[in-house]
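Below is one structure, written out as structure tokens, with a few remarks after it.
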Amino acid sequence: MNFNDYEYKRIDLDEVKKAMEKQFAIMDETTTIEELEVAVKEVYRIRNEVETMSTLASIRFSINMKDDFYKAENEYQNNASPIMEGIVHKFYQRLVSSPIKGELKARYGEHLINLATLAVQTFSDAIIEDLQEENRLITAYNMLVGNAKIDFRGITYNLSTMTPFISDYDRGTRIEAQKAVTRFFEDHEATFDDIYDQLVKLRHKIAVKLGYDNYIQYGYDKLGRTDYGPEDVKRFRNQVYEHISPLRLELKKKQAKRIGLDHLYYYDAPLYFNTGNPKPVSDEAYMVKEAGKMYSELSPQTHDFFEFMRKNNLMDLTSRDGKRPGGYCTYLSDYKAPYIFANFNGTDHDVVVLTHEAGHAFQVYQSRGYEVSEYQFPTLEACEIHSMSMEYLTYPWMKGFFGDDYEKFIYDHSSKPIEFIPYGVVVDEFQHWVYEYPEATPEQRKQKWLEIDRKYRPEIDYEDNAFLKRGGYWFRQGHIFRVPFYYIDYTLALICAVQFYVKSTQDRKKTWMDYLNLCNQGGSQSFLQLLESADLDNPFKEGTVQKVIYKIRDLLNSIDDTKL
């Protein structure tokens with residue numbers, strides 16, 4: 001069924017509540033797993049219908065935030081979702097307190113009970129209005145960045161379509177483009193500060209209401225992190241500081257030399273090669289066609305998956321005025337259909353985001369048979385393993401996308417773990433500080449961002465850009481506003497994806513089967529259990545980061561980058 005034909009209807013929450021209460025009554029009265037299964041199955045049927053409509057409204061709003069109908073529906077869903085969370089909370093309470101919990105674990109797996117336990121801890125009817133307000137503030141941020149209008153050389157662009165100018169070969173163009181983008185954030189500085197200040201204080205209030213000291217542990221529990229916590233992540237950040245930040249500094253020095261500069265300023269950093277950055281050989285239609293060929297050759301499973309996506313119009317890749325920036329993958333349960341959202345802009349990022357989001361989509365396509373919706377996607381750090389590994393496992397087909405720029409792309413993309421991971425932990429350490437000190441002022445937050453950024457990325461030089469020099473860069477990182485503590489998941493997953501990459505150079509067939517098995521498991525296990533099942537080293541364990549990242553360093557050192 002074509003995505004354009006999916007019918008949206010607003011769900012009546014009163015009717016949903018009645019239908020769910022009926023099943024809860026059965027759960028309260030039953031004493032056998034067989035009777036309980038019938039009620040649980042109906043609960044998931046109802047939940048899937050509600051979540052499908054909510055997701056459909058969200059997708060269509062993000063496609064065009066100027067659409068008045070879906071703007072209103074998005075607002076309705078923002079208010080409805082916490083109420084629905086409260087209804088589902090009652091379901092989780094029954095799972096956790098069931099007299100036949102042992103049989104429930106045997107039937108549905110222990111992980112569901114663990115997730116349900118965290119869900120019970122992180123919700124109360126007392127925070128419904130707070131969650132509604134949080135959704136409103138996140139939408140305000142999305143609207144602000146999504147409707148950005150940036151005047152550049154007589155033409156109006158958005159944040160996505162400015163990207164090619166930011167990485168342009170001509171230094172004057174890069175400088176002018178960076179200043180134009182900065183001007184947008186500086187012009188709206190007070191609004192960004194106000195939205196974030198409200199979000200931080202609101203989230204702290206929510207956590208305290210539920211008995212937490214602050215939002216940090218609440219945020220971890222909310223993300224379903226059942227087998228690691230803030231101290232584990234802190235140890236990981238320390239490994240990054242010790243082993244990756246120094247390599248990043250070496251990498252940036254090589255980059256400066258490669259593009260003929262003695263020193264990299266912030267506007268030089270997006271240019272990686274003296275002959276220009278790698279670019280796709282053609283347009284979106286070509287890339288989708290090439291992706292079809294790639295996934296047809298990669299495996300029977302990926303062939304079926306991508307044909308399903310393409311035939312059913314389950315991808316929106318074009319950047320347009322009024323479209324939300326960024327990219328994501330989501331899932332429409334009732335249609336058993338993943339959906340890919342992106343903003344192509346003519347750079348190598350188009351190919352990266354397509355393969356990245358296809359990794360997410362392929363995983364949930366493989367997991368669509370799970371009755372338990374919590375198992376369709378794993379927790380976020382495990383999700384990012386599928387997406388980032390797909391970027392690496394598709395290397396043999398990149399020549400079709402990049403032509404003569406193929407070697408440049410492979411070198412550039414292979415260097416990304418060293419370049420990106422320090423930035424990822426900057427975002428994470430910054431958020432830990434923010435939620436530890438929720439009463440900090442906007443100026444103090446910006447100053448702390450600079451302090452942490454210098455720690456992990458000491459070479460960053462903002463030259464005469466006053467806004468960036470006072471710590472405003474993080475405004476453009478939407479994860480900070482939308483999903484606290486999510487961003488570290490990219491770095492954890494990247495350490496795992498690199499392991500798949502290295503293994504694929506030694507035994508490609510076995511590596512693909514390991515990856516496929518990981519996708520097939522969906523979210524049926526916790527993060528560390530999934531790593532163990534895929535024979536991947538734990539990123540929190542001392543020595544893992546050094547072992548993995550040095551393999552990338554050796555690979556890069558074997559390439560003469562001056563000839564690219």
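Chain labels A, B, ... are given in the sequence in which chains occur in the structure tokens; within each chain residues are numbered consecutively from 1, and ligands are likewise numbered from 1 in the order shown.
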
Query raised in the report: Would you give me, as number ranges by chain, the residues in region 349-503 of chain A that DSSP reads as helix (DSSP H, G or I)?
Result: A: 349-366, 373-375, 380-393, 395-414, 416-436, 442-456, 466-469, 473-476, 478-482, 488-503

Requested in this report: Name the residues in contact with region 3-17 of chain A at a cut-off of 8 Å, using only C-alpha atoms, excluding same-chain residues fewer than 5 positions from it; report them as a ChimeraX atom specification.
Outcome: /A:46,50,53,56-57,73,80,84,87,312-314

Atoms kept (N, CA and C atoms) for selection, written as a PDB file, in the first residue's frame:
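Ended up saving to again.pdb:
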```pdb
ATOM      1  N   ILE A  46      -4.383  -2.520  20.053  1.00  0.00           N
ATOM      2  CA  ILE A  46      -4.871  -1.160  20.303  1.00  0.00           C
ATOM      3  C   ILE A  46      -3.708  -0.166  20.281  1.00  0.00           C
ATOM      4  N   VAL A  50      -3.028   3.190  17.740  1.00  0.00           N
ATOM      5  CA  VAL A  50      -2.806   4.548  18.252  1.00  0.00           C
ATOM      6  C   VAL A  50      -1.450   5.070  17.793  1.00  0.00           C
ATOM      7  N   MET A  53      -1.276   6.032  14.008  1.00  0.00           N
ATOM      8  CA  MET A  53      -1.875   7.326  13.687  1.00  0.00           C
ATOM      9  C   MET A  53      -1.010   8.480  14.191  1.00  0.00           C
ATOM     10  N   LEU A  56       1.972   8.709  11.848  1.00  0.00           N
ATOM     11  CA  LEU A  56       1.566   9.229  10.546  1.00  0.00           C
ATOM     12  C   LEU A  56       1.394  10.747  10.594  1.00  0.00           C
ATOM     13  N   ALA A  57       0.772  11.238  11.660  1.00  0.00           N
ATOM     14  CA  ALA A  57       0.612  12.682  11.813  1.00  0.00           C
ATOM     15  C   ALA A  57       1.968  13.370  11.938  1.00  0.00           C
ATOM     16  N   GLU A  73      -2.963  18.589  13.972  1.00  0.00           N
ATOM     17  CA  GLU A  73      -2.920  17.202  14.435  1.00  0.00           C
ATOM     18  C   GLU A  73      -1.667  16.926  15.244  1.00  0.00           C
ATOM     19  N   ALA A  80      -1.917  14.374  23.333  1.00  0.00           N
ATOM     20  CA  ALA A  80      -2.463  13.031  23.511  1.00  0.00           C
ATOM     21  C   ALA A  80      -1.418  12.021  23.962  1.00  0.00           C
ATOM     22  N   MET A  84      -1.763   8.893  26.545  1.00  0.00           N
ATOM     23  CA  MET A  84      -1.615   7.512  26.111  1.00  0.00           C
ATOM     24  C   MET A  84      -0.516   6.822  26.912  1.00  0.00           C
ATOM     25  N   ILE A  87      -1.992   5.567  29.996  1.00  0.00           N
ATOM     26  CA  ILE A  87      -2.780   4.343  29.809  1.00  0.00           C
ATOM     27  C   ILE A  87      -1.858   3.130  29.714  1.00  0.00           C
ATOM     28  N   ASN A 312       6.371   1.414  -2.258  1.00  0.00           N
ATOM     29  CA  ASN A 312       5.309   1.956  -1.407  1.00  0.00           C
ATOM     30  C   ASN A 312       5.547   3.407  -0.987  1.00  0.00           C
ATOM     31  N   ASN A 313       6.513   4.062  -1.663  1.00  0.00           N
ATOM     32  CA  ASN A 313       6.742   5.499  -1.451  1.00  0.00           C
ATOM     33  C   ASN A 313       7.028   5.813   0.015  1.00  0.00           C
ATOM     34  N   LEU A 314       7.905   5.010   0.618  1.00  0.00           N
ATOM     35  CA  LEU A 314       8.195   5.129   2.044  1.00  0.00           C
ATOM     36  C   LEU A 314       9.481   5.893   2.327  1.00  0.00           C
TER      37      LEU A 314
END
```

Report task. May I have the residues within 9 Å of Ile552 (chain A) as a PyMOL selection string, using only C-alpha atoms and disregarding those fewer than 6 positions away in the same chain? Result -> chain A and resi 414-415+417-418+498+502

Selection to disk with N, CA and C atoms, as a tab-separated table (two decimals), in the first residue's frame:
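Writing done, so here's part15.tsv:
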```tsv
chain	number	residue	atom	x	y	z
A	414	SER	N	35.91	6.78	6.46
A	414	SER	CA	36.64	5.92	7.40
A	414	SER	C	37.25	6.73	8.53
A	415	SER	N	37.52	8.01	8.28
A	415	SER	CA	38.12	8.85	9.32
A	415	SER	C	37.09	9.39	10.29
A	417	PRO	N	35.00	8.10	12.53
A	417	PRO	CA	35.00	7.74	13.96
A	417	PRO	C	35.97	8.58	14.78
A	418	ILE	N	37.15	8.85	14.21
A	418	ILE	CA	38.14	9.65	14.93
A	418	ILE	C	37.69	11.10	15.02
A	498	VAL	N	32.44	0.06	13.75
A	498	VAL	CA	33.81	-0.09	13.26
A	498	VAL	C	34.28	-1.54	13.39
A	502	VAL	N	35.81	-3.72	10.35
A	502	VAL	CA	37.09	-4.43	10.35
A	502	VAL	C	36.86	-5.91	10.05
```

Requested in this report: Name the residues in contact with region 230-240 of chain A at a cut-off of 7 Å, using only C-alpha atoms, excluding same-chain residues fewer than 6 positions from it; report them as a VMD selection string.
Outcome: chain A and resid 422 425 539 to 540 545

Query raised in the report: What is the CA of Leu264 (chain A)-CA of Thr173 (chain A) distance in Å, reported with one decimal?
Result: 15.5 Å

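Of the residues under consideration (A:Ala126, A:Ile175, A:Val40, A:Leu564), A:Ala126 shows the shortest atom-to-atom contact distance to Lys209 (chain A) when counting only C-alpha atoms.
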
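Computed from the coordinates, the CA of Gln499 (chain A) to CA of Val548 (chain A) distance equals 6.7 Å.
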